[in-house]
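Below is the file run17.csv, which contains CSV, C-alpha atoms.
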chain,number,residue,atom,x,y,z
A,265,PRO,CA,-13.3,-3.1,-26.1
A,266,ARG,CA,-12.5,0.6,-25.9
A,267,THR,CA,-11.8,0.5,-22.2
A,268,ARG,CA,-9.5,-2.5,-22.7
A,269,ALA,CA,-7.7,-0.7,-25.6
A,270,LEU,CA,-7.3,2.4,-23.4
A,271,LEU,CA,-6.0,0.4,-20.4
A,272,SER,CA,-3.6,-1.6,-22.7
A,273,SER,CA,-2.2,1.7,-24.1
A,274,LEU,CA,-1.8,3.3,-20.6
A,275,LEU,CA,-0.8,0.2,-18.6
A,276,PRO,CA,0.7,-2.4,-21.0
A,277,THR,CA,2.6,-4.3,-18.2
A,278,ALA,CA,-0.5,-4.5,-15.9
A,279,THR,CA,-2.7,-5.5,-18.8
A,280,SER,CA,-0.2,-8.2,-19.8
A,281,MET,CA,-0.1,-9.5,-16.2
A,282,ALA,CA,-3.9,-9.7,-16.2
A,283,GLU,CA,-4.0,-11.5,-19.5
A,284,GLU,CA,-1.5,-14.1,-18.3
A,285,GLY,CA,-3.5,-14.7,-15.1
A,286,PHE,CA,-0.8,-13.3,-12.8
A,287,GLY,CA,-2.5,-9.9,-12.1
A,288,GLU,CA,-5.8,-8.3,-12.7
A,289,ILE,CA,-7.5,-5.2,-13.8
A,290,ILE,CA,-11.1,-5.3,-12.6
A,291,VAL,CA,-14.0,-3.2,-11.5
A,292,SER,CA,-14.3,-4.2,-7.9
A,293,ARG,CA,-17.8,-3.7,-6.4
A,294,LEU,CA,-18.4,-4.2,-2.7
A,295,ALA,CA,-22.0,-4.7,-1.5
A,296,PRO,CA,-23.3,-2.4,1.2
A,297,ASN,CA,-22.5,-3.3,4.8
A,298,SER,CA,-19.9,-5.9,3.7
A,299,HIS,CA,-16.6,-6.9,5.2
A,300,ILE,CA,-13.7,-8.6,3.4
A,301,ALA,CA,-11.9,-10.5,6.2
A,302,PRO,CA,-8.2,-9.8,6.8
A,303,HIS,CA,-6.0,-11.5,4.2
A,304,CYS,CA,-2.7,-11.0,2.3
A,305,ALA,CA,-1.0,-11.9,-0.9
A,306,PRO,CA,1.5,-14.7,-1.0
A,307,ASN,CA,4.4,-12.4,-1.7
A,308,ASN,CA,5.2,-8.8,-2.5
A,309,ALA,CA,5.9,-9.3,-6.2
A,310,ARG,CA,3.1,-6.9,-7.1
A,311,LEU,CA,1.5,-3.7,-5.9
A,312,THR,CA,-2.2,-2.9,-5.9
A,313,ALA,CA,-3.8,0.3,-7.0
A,314,HIS,CA,-7.5,1.2,-6.4
A,315,LEU,CA,-8.9,4.1,-8.4
A,316,GLY,CA,-12.0,5.3,-6.5
A,317,LEU,CA,-15.1,5.4,-8.7
A,318,VAL,CA,-18.1,5.3,-6.4
A,319,ILE,CA,-17.0,5.9,-2.8
A,320,PRO,CA,-19.9,6.4,-0.3
A,321,LYS,CA,-19.2,7.5,3.3
A,322,GLY,CA,-18.1,4.8,5.7
A,323,CYS,CA,-16.0,2.7,3.3
A,324,ARG,CA,-12.5,2.0,4.5
A,325,ILE,CA,-9.5,-0.3,4.1
A,326,ARG,CA,-6.9,-1.4,6.6
A,327,VAL,CA,-3.4,-2.2,5.4
A,328,GLY,CA,-1.1,-3.3,8.2
A,329,SER,CA,-2.3,-1.3,11.2
A,330,GLU,CA,-3.4,1.7,9.3
A,331,TRP,CA,-7.0,2.5,8.2
A,332,ARG,CA,-7.6,4.7,5.1
A,333,GLY,CA,-10.5,5.7,3.0
A,334,TRP,CA,-10.8,6.1,-0.8
A,335,GLU,CA,-11.6,9.3,-2.7
A,336,GLU,CA,-13.4,9.4,-5.9
A,337,GLY,CA,-11.0,10.0,-8.8
A,338,LYS,CA,-7.9,9.4,-6.7
A,339,VAL,CA,-5.6,6.3,-6.5
A,340,LEU,CA,-4.9,4.4,-3.3
A,341,LEU,CA,-1.7,2.4,-3.8
A,342,PHE,CA,-0.7,-0.4,-1.4
A,343,ASP,CA,1.4,-3.6,-1.1
A,344,ASP,CA,-1.2,-6.4,-0.6
A,345,SER,CA,1.4,-8.7,0.9
A,346,TYR,CA,0.6,-6.8,4.1
A,347,GLU,CA,-2.5,-8.0,5.9
A,348,HIS,CA,-5.5,-6.0,4.7
A,349,GLU,CA,-9.2,-5.9,5.0
A,350,VAL,CA,-12.1,-3.8,3.7
A,351,VAL,CA,-15.3,-2.5,5.3
A,352,SER,CA,-18.0,-1.0,3.2
A,353,GLY,CA,-20.6,1.6,4.3
A,354,ALA,CA,-24.3,1.7,3.8
A,355,GLU,CA,-24.0,1.9,0.0
A,356,GLU,CA,-22.0,0.0,-2.7
A,357,ARG,CA,-18.3,0.9,-3.1
A,358,VAL,CA,-16.8,0.7,-6.6
A,359,VAL,CA,-13.1,0.9,-7.4
A,360,LEU,CA,-11.0,0.1,-10.5
A,361,LEU,CA,-8.5,-2.4,-9.1
A,362,ILE,CA,-5.1,-2.8,-10.9
A,363,ARG,CA,-2.3,-5.0,-9.9
A,364,PHE,CA,1.2,-4.5,-11.4
A,365,TRP,CA,4.8,-5.6,-10.8
A,366,HIS,CA,6.5,-4.2,-7.7
A,367,PRO,CA,9.4,-2.0,-9.2
A,368,GLU,CA,12.0,-4.0,-7.2
A,369,CYS,CA,11.0,-7.2,-8.9
A,370,CYS,CA,12.4,-6.0,-12.2
A,371,GLY,CA,14.2,-8.9,-13.9
A,372,ARG,CA,12.7,-11.6,-11.6
A,373,GLU,CA,9.2,-11.7,-12.9
A,374,GLU,CA,9.5,-15.1,-14.5
A,375,SER,CA,10.7,-16.7,-11.3
A,376,TYR,CA,7.6,-15.4,-9.5
A,377,ARG,CA,5.4,-16.7,-12.3
A,378,GLU,CA,6.9,-20.2,-12.1
A,379,ARG,CA,7.1,-20.5,-8.3
A,380,ASP,CA,3.8,-18.9,-7.3
A,381,ASP,CA,1.5,-19.2,-10.3
A,382,ARG,CA,-1.2,-21.6,-8.9
A,383,ALA,CA,-1.3,-20.0,-5.4
A,384,PHE,CA,-1.3,-16.5,-6.9
A,385,ASN,CA,-4.2,-17.2,-9.2
A,386,TRP,CA,-6.1,-18.8,-6.4
A,387,ALA,CA,-5.5,-15.8,-4.2
A,388,ASN,CA,-6.8,-13.4,-6.9
A,389,PHE,CA,-9.9,-15.5,-7.6
A,390,ARG,CA,-11.0,-15.8,-4.1
A,391,LYS,CA,-10.8,-12.0,-3.5
A,392,THR,CA,-13.5,-11.3,-6.1
A,393,MET,CA,-16.6,-12.8,-4.4
A,394,PRO,CA,-16.8,-12.3,-0.6
A,395,PRO,CA,-20.0,-10.3,-0.2
A,396,LEU,CA,-22.0,-13.2,-1.6
A,397,GLY,CA,-21.1,-15.8,1.0
A,398,ASP,CA,-21.5,-16.5,4.7
A,399,ALA,CA,-18.8,-16.9,7.3
A,400,GLU,CA,-18.1,-20.5,6.2
A,401,VAL,CA,-17.7,-19.5,2.5
A,402,GLU,CA,-15.5,-16.6,3.5
A,403,GLN,CA,-13.3,-18.9,5.6
A,404,ALA,CA,-13.0,-21.2,2.6
A,405,MET,CA,-12.0,-18.2,0.4
A,406,PHE,CA,-9.6,-16.5,2.8
A,407,GLY,CA,-8.6,-19.3,5.1
A,408,TYR,CA,-6.0,-20.9,2.7
A,409,ASP,CA,-2.7,-19.8,4.2
A,410,LEU,CA,0.0,-19.6,1.5
A,411,SER,CA,2.7,-19.6,4.2
A,412,ASP,CA,2.0,-23.0,5.6
A,413,ALA,CA,5.5,-24.5,5.8
A,414,ASP,CA,4.4,-28.1,5.3
A,415,ASN,CA,2.3,-27.2,2.2
A,416,CYS,CA,-0.5,-29.5,3.5
A,417,CYS,CA,-4.2,-28.9,2.9
A,418,ARG,CA,-6.2,-27.9,6.0
A,419,LYS,CA,-9.1,-30.1,4.9
A,420,CYS,CA,-7.6,-33.4,3.9
A,421,LYS,CA,-4.2,-33.0,5.7
A,422,LYS,CA,-2.4,-34.2,2.6
A,423,PRO,CA,0.1,-32.3,0.4
A,424,MET,CA,-1.7,-29.5,-1.5
A,425,SER,CA,-3.1,-30.4,-4.9
A,426,ASP,CA,-5.6,-28.8,-7.3
A,427,ALA,CA,-8.4,-30.8,-5.5
A,428,CYS,CA,-7.7,-28.9,-2.3
A,429,PHE,CA,-8.9,-25.6,-3.7
A,430,PRO,CA,-12.6,-25.1,-3.1
A,431,ALA,CA,-15.2,-24.8,-5.9
A,432,PHE,CA,-18.0,-22.3,-5.2
A,433,PHE,CA,-21.6,-22.8,-6.2
A,434,LEU,CA,-24.6,-20.6,-5.9
A,435,ASP,CA,-27.3,-22.2,-3.8
A,436,GLN,CA,-30.5,-21.4,-5.7
A,437,ALA,CA,-32.7,-21.6,-2.6
A,438,THR,CA,-30.7,-19.1,-0.5
A,439,LEU,CA,-28.9,-17.2,-3.3
A,440,LYS,CA,-25.7,-17.6,-1.2
A,441,LEU,CA,-22.4,-19.2,-2.2
A,442,ARG,CA,-21.4,-22.6,-0.8
A,443,ALA,CA,-17.9,-24.1,-0.9
A,444,ASP,CA,-17.2,-27.7,-1.9
A,445,PHE,CA,-13.8,-29.3,-1.7
A,446,GLN,CA,-13.0,-32.3,-4.0
A,447,CYS,CA,-10.3,-33.5,-1.6
A,448,THR,CA,-12.8,-34.3,1.1
A,449,PRO,CA,-16.2,-35.9,0.9
A,450,ALA,CA,-19.1,-33.5,1.0
A,451,LYS,CA,-21.1,-33.4,4.3
A,452,PRO,CA,-24.6,-34.7,4.1
A,453,LYS,CA,-27.2,-31.9,4.1

This entry written out as structure tokens:
Amino acid sequence: PRTRALLSSLLPTATSMAEEGFGEIIVSRLAPNSHIAPHCAPNNARLTAHLGLVIPKGCRIRVGSEWRGWEEGKVLLFDDSYEHEVVSGAEERVVLLIRFWHPECCGREESYRERDDRAFNWANFRKTMPPLGDAEVEQAMFGYDLSDADNCCRKCKKPMSDACFPAFFLDQATLKLRADFQCTPAKPK
């Protein structure tokens, strides 16, 4: 509660975006020796800030063609509409991730909410879990291309609907995530 109150007083717009589901303020932990595959946001309506909390050697992020590293206690700011990926080192990386409106969106925020709400929320959700899954799960999380001109699902080949977004389940035997799509029948195991 105290952290939330502090963030609300310091970053009221970012906090409001997070509460409305259009942004997020999270502690992002990346497991050792992990890789978040290249991906990008559906538009540049927001910017992303990472405050380095625990930054071991070897952790780095690529935005566009440029690789950078985090520093503890410093902010790394980037436009996540550019393709980006993350590689962790031998130890866990922890950042405070904050998304907020791009300054040039001033006055157009509502149109972004209306037009991109479902896709934007999906993009945010899928970015929170990569180290737990294998390549198939990572593809399900990051393979949804928001720029598909025909707006068709890659699985069922029909117009996108809520059923086309995968649901993720923890396999109790392997302790790995698996992806299930409601738009296509599950494969026999």

Report the distance between atom CA of Cys420 of chain A and atom CA of Gly285 of chain A in Å, rounded to one decimal place.
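It comes out at 27.0 Å.
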
From the list A:Lys338, A:Lys321, A:Arg310, A:Arg332, which residue is nearest Pro296 of chain A when using all atoms listed in the file?
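Looking at the shortest contact to Pro296 of chain A, the residue is A:Lys321.
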
Find the residues near segment 268-276 of chain A: any atom within 9 Å, counting only C-alpha atoms, skip ones fewer than 5 places away on the same chain, and give them as a PDB file with C-alpha atoms, keeping the file's coordinate frame.
ATOM      1  CA  MET A 281      -0.100  -9.500 -16.200  1.00  0.00           C
ATOM      2  CA  ILE A 289      -7.500  -5.200 -13.800  1.00  0.00           C
ATOM      3  CA  PHE A 364       1.200  -4.500 -11.400  1.00  0.00           C
TER       4      PHE A 364
END

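Proximity ranking of A:Phe433, A:Phe286, A:Phe445, A:Trp334 relative to Val358 of chain A places A:Trp334 first, based on all atoms listed in the file.
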
When you look at Thr312 of chain A with a cut-off of 12 Å (counting only C-alpha atoms), what residues show up, excluding the ones that are within fewer than 4 positions of it in the same chain? I need them as a short mmCIF file (atom, residue, chain, number, x, y, z; two decimals) with C-alpha atoms, in the coordinates of the input.
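New file selection.cif:
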data_model
loop_
_atom_site.label_atom_id
_atom_site.label_comp_id
_atom_site.auth_asym_id
_atom_site.auth_seq_id
_atom_site.Cartn_x
_atom_site.Cartn_y
_atom_site.Cartn_z
CA ALA A 278 -0.50 -4.50 -15.90
CA GLY A 287 -2.50 -9.90 -12.10
CA GLU A 288 -5.80 -8.30 -12.70
CA ILE A 289 -7.50 -5.20 -13.80
CA ILE A 290 -11.10 -5.30 -12.60
CA CYS A 304 -2.70 -11.00 2.30
CA ALA A 305 -1.00 -11.90 -0.90
CA ASN A 308 5.20 -8.80 -2.50
CA VAL A 327 -3.40 -2.20 5.40
CA VAL A 339 -5.60 6.30 -6.50
CA LEU A 340 -4.90 4.40 -3.30
CA LEU A 341 -1.70 2.40 -3.80
CA PHE A 342 -0.70 -0.40 -1.40
CA ASP A 343 1.40 -3.60 -1.10
CA ASP A 344 -1.20 -6.40 -0.60
CA SER A 345 1.40 -8.70 0.90
CA TYR A 346 0.60 -6.80 4.10
CA HIS A 348 -5.50 -6.00 4.70
CA VAL A 359 -13.10 0.90 -7.40
CA LEU A 360 -11.00 0.10 -10.50
CA LEU A 361 -8.50 -2.40 -9.10
CA ILE A 362 -5.10 -2.80 -10.90
CA ARG A 363 -2.30 -5.00 -9.90
CA PHE A 364 1.20 -4.50 -11.40
CA TRP A 365 4.80 -5.60 -10.80
CA HIS A 366 6.50 -4.20 -7.70
CA ASN A 388 -6.80 -13.40 -6.90
#

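Take the candidates A:Leu311, A:Ala295, A:Ala431, A:Ile300 and check each one against Glu355 of chain A using only C-alpha atoms; the shortest distance goes to A:Ala295.
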
Compare A:Cys416, A:Val318, A:Cys447, A:Met424 by their minimum atom-to-atom distance to Glu335 of chain A, counting all atoms listed in the file, and give me the closest one.
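Residue with the minimum atom-to-atom distance to Glu335 of chain A: A:Val318.
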